[in-house]
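Q: Take a look at coords-v3.cif, mmCIF, C-alpha atoms:
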```cif
data_my_file
loop_
_atom_site.label_atom_id
_atom_site.label_comp_id
_atom_site.auth_asym_id
_atom_site.auth_seq_id
_atom_site.Cartn_x
_atom_site.Cartn_y
_atom_site.Cartn_z
CA MET A 754 7.96 -10.52 -2.33
CA THR A 755 5.34 -11.49 0.23
CA LYS A 756 1.81 -12.25 -0.81
CA ARG A 757 -0.81 -9.93 0.66
CA LYS A 758 -3.37 -11.60 2.91
CA ALA A 759 -6.78 -11.86 1.28
CA VAL A 760 -8.65 -11.72 4.59
CA MET A 761 -7.94 -9.43 7.54
CA SER A 762 -8.90 -10.04 11.15
CA ALA A 763 -11.71 -8.03 12.71
CA GLY A 764 -9.14 -6.15 14.81
CA GLU A 765 -7.15 -5.16 11.73
CA LEU A 766 -10.29 -3.91 9.99
CA GLU A 767 -11.38 -1.93 13.06
CA SER A 768 -7.99 -0.23 13.33
CA GLN A 769 -8.08 1.24 9.82
CA ASP A 770 -8.21 5.01 9.91
CA SER A 771 -10.91 6.12 7.47
CA PRO A 772 -13.21 9.09 8.06
CA VAL A 773 -15.73 7.62 5.61
CA LEU A 774 -15.77 4.30 7.47
CA ALA A 775 -16.17 6.18 10.77
CA VAL A 776 -19.21 8.06 9.39
CA MET A 777 -20.73 4.82 8.09
CA LYS A 778 -20.34 3.16 11.50
CA TYR A 779 -21.67 6.21 13.36
CA TYR A 780 -24.88 6.29 11.31
CA GLY A 781 -25.28 2.50 11.19
CA SER A 782 -24.86 2.28 7.42
CA PRO A 783 -24.34 -1.17 5.90
CA LEU A 784 -20.60 -1.85 5.62
CA THR A 785 -20.62 -2.72 1.92
CA ARG A 786 -18.52 -1.53 -0.99
CA ASP A 787 -21.57 0.03 -2.66
CA GLU A 788 -22.42 2.00 0.48
CA TYR A 789 -18.78 3.05 0.94
CA LEU A 790 -18.69 4.44 -2.62
CA ALA A 791 -22.02 6.23 -2.15
CA VAL A 792 -20.84 7.92 1.06
CA SER A 793 -17.29 8.58 -0.12
CA TYR A 794 -18.35 10.14 -3.43
CA LEU A 795 -21.64 11.59 -2.14
CA GLY A 796 -23.55 9.48 -4.64
CA ALA A 797 -21.62 10.88 -7.63
CA VAL A 798 -20.14 7.50 -8.60
CA SER A 799 -21.86 4.26 -9.46
CA PRO A 800 -20.59 0.93 -8.07
CA LYS A 801 -20.20 -0.13 -11.72
CA ASP A 802 -17.83 2.79 -12.48
CA GLU A 803 -14.16 1.91 -12.84
CA ILE A 804 -12.11 3.25 -9.92
CA PRO A 805 -8.38 3.77 -10.69
CA ALA A 806 -6.06 1.35 -8.82
CA ASP A 807 -4.18 4.17 -7.08
CA VAL A 808 -7.48 5.49 -5.68
CA GLU A 809 -8.61 1.96 -4.65
CA GLU A 810 -5.43 1.64 -2.58
CA THR A 811 -6.69 4.46 -0.33
CA PHE A 812 -9.91 2.56 0.48
CA PRO A 813 -10.16 0.50 3.66
CA GLU A 814 -9.16 -3.09 2.88
CA GLN A 815 -12.66 -4.59 3.00
CA PHE A 816 -13.94 -2.22 0.29
CA ARG A 817 -11.18 -2.76 -2.27
CA ARG A 818 -12.25 -4.64 -5.38
CA ALA A 819 -9.06 -6.77 -5.35
CA THR A 820 -9.79 -7.90 -1.78
CA LEU A 821 -13.37 -8.78 -2.66
CA LEU A 822 -12.25 -10.81 -5.68
CA ASP A 823 -9.34 -12.54 -3.88
CA SER A 824 -11.22 -13.55 -0.74
CA PRO A 825 -11.89 -17.29 -0.59
CA ALA A 826 -15.45 -18.55 -0.33
CA VAL A 827 -16.64 -19.55 3.15
CA SER A 828 -17.55 -23.00 1.89
CA LYS A 829 -18.06 -24.84 -1.37
CA GLU A 830 -21.83 -24.34 -1.04
CA VAL A 831 -21.43 -20.54 -0.80
CA GLN A 832 -20.06 -19.52 -4.19
#
```
Mind turning this structure into structure tokens?
A:
Amino acid sequence: MTKRKAVMSAGELESQDSPVLAVMKYYGSPLTRDEYLAVSYLGAVSPKDEIPADVEETFPEQFRRATLLDSPAVSKEVQ
């Protein structure tokens, strides 16, 4: 079993096919998990709400909770 990469390249992130991500980019929305949830669920879900794992798997990589938790810190000072 191969370990999934915690960080994707900019090209890999850009190539993800997500209508929600496309709308966010079109309107210049911040590319954050909170904003993704607000747009995706039309504000009907709070960032603190638990999202089922099978639903999380459909999110673009940079908005998945597991990716955010597994990503290494940029430096020891930024933690």
Q: Between atom CA of Lys778 of chain A and atom CA of Ala806 of chain A, what distance in Å does the model show, to one decimal?
A: 24.9 Å
Q: Find the residues around Ser793 of chain A up to 12 Å (all atoms listed in the file counted), leave out those fewer than 3 positions away in its own chain, and share them as number ranges by chain.
A: A: 771-777, 785-790, 796-800, 808-809, 811-813, 816
Q: If I take atom CA of Tyr794 of chain A and atom CA of Arg817 of chain A, how far is one from the other in Å, to one decimal?
A: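 Spanning atom CA of Tyr794 of chain A to atom CA of Arg817 of chain A is a straight-line distance of 14.8 Å.
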Q: Using Å and a single decimal, report how far atom CA of Glu803 of chain A sits from atom CA of Pro783 of chain A.
A: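 Here the two named atoms are 21.5 Å from each other.
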Q: For Ala819 of chain A, which residue among A:Ser782, A:Ile804, A:Asp770, A:Ala791 is the nearest when counting only C-alpha atoms?
A: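 When distances to Ala819 of chain A are compared using only C-alpha atoms, the smallest one comes from A:Ile804.
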Q: Please output segment 800-823 of chain A, rebuilt to include N, CA and C atoms, as a compact mmCIF listing (two decimals), in the frame of the given file.
A:
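rebuild34.txt, freshly written:
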```txt
# COMPACT_ATOMS: atom_id res chain seq x y z
N PRO A 800 -21.43 2.09 -8.38
CA PRO A 800 -20.59 0.93 -8.07
C PRO A 800 -20.03 0.25 -9.32
N LYS A 801 -20.67 0.47 -10.46
CA LYS A 801 -20.20 -0.13 -11.72
C LYS A 801 -19.08 0.69 -12.38
N ASP A 802 -18.89 1.95 -11.92
CA ASP A 802 -17.83 2.79 -12.48
C ASP A 802 -16.47 2.20 -12.14
N GLU A 803 -15.53 2.38 -13.05
CA GLU A 803 -14.16 1.91 -12.84
C GLU A 803 -13.43 2.90 -11.95
N ILE A 804 -12.87 2.42 -10.85
CA ILE A 804 -12.11 3.25 -9.92
C ILE A 804 -10.63 2.97 -10.20
N PRO A 805 -9.81 3.99 -10.43
CA PRO A 805 -8.38 3.77 -10.69
C PRO A 805 -7.72 3.02 -9.52
N ALA A 806 -6.73 2.18 -9.84
CA ALA A 806 -6.06 1.35 -8.82
C ALA A 806 -5.41 2.20 -7.73
N ASP A 807 -4.83 3.34 -8.10
CA ASP A 807 -4.18 4.17 -7.08
C ASP A 807 -5.19 4.76 -6.10
N VAL A 808 -6.42 4.99 -6.56
CA VAL A 808 -7.48 5.49 -5.68
C VAL A 808 -7.99 4.34 -4.81
N GLU A 809 -8.16 3.15 -5.40
CA GLU A 809 -8.61 1.96 -4.65
C GLU A 809 -7.69 1.68 -3.48
N GLU A 810 -6.40 1.92 -3.64
CA GLU A 810 -5.43 1.64 -2.58
C GLU A 810 -5.68 2.49 -1.34
N THR A 811 -6.40 3.60 -1.49
CA THR A 811 -6.69 4.46 -0.33
C THR A 811 -7.93 3.99 0.42
N PHE A 812 -8.71 3.08 -0.16
CA PHE A 812 -9.91 2.56 0.48
C PHE A 812 -9.54 1.63 1.63
N PRO A 813 -10.38 1.53 2.66
CA PRO A 813 -10.16 0.50 3.66
C PRO A 813 -10.16 -0.88 2.98
N GLU A 814 -9.39 -1.78 3.50
CA GLU A 814 -9.16 -3.09 2.88
C GLU A 814 -10.44 -3.81 2.46
N GLN A 815 -11.46 -3.80 3.31
CA GLN A 815 -12.66 -4.59 3.00
C GLN A 815 -13.49 -4.03 1.85
N PHE A 816 -13.18 -2.82 1.39
CA PHE A 816 -13.94 -2.22 0.29
C PHE A 816 -13.17 -2.21 -1.03
N ARG A 817 -11.97 -2.72 -1.04
CA ARG A 817 -11.18 -2.76 -2.27
C ARG A 817 -11.64 -3.90 -3.15
N ARG A 818 -11.78 -3.62 -4.44
CA ARG A 818 -12.25 -4.64 -5.38
C ARG A 818 -11.32 -5.86 -5.38
N ALA A 819 -10.01 -5.65 -5.34
CA ALA A 819 -9.06 -6.77 -5.35
C ALA A 819 -9.28 -7.67 -4.15
N THR A 820 -9.54 -7.10 -2.99
CA THR A 820 -9.79 -7.90 -1.78
C THR A 820 -11.07 -8.70 -1.94
N LEU A 821 -12.10 -8.08 -2.50
CA LEU A 821 -13.37 -8.78 -2.66
C LEU A 821 -13.24 -9.94 -3.64
N LEU A 822 -12.43 -9.76 -4.68
CA LEU A 822 -12.25 -10.81 -5.68
C LEU A 822 -11.31 -11.91 -5.20
N ASP A 823 -10.33 -11.57 -4.35
CA ASP A 823 -9.34 -12.54 -3.88
C ASP A 823 -9.77 -13.33 -2.67
```
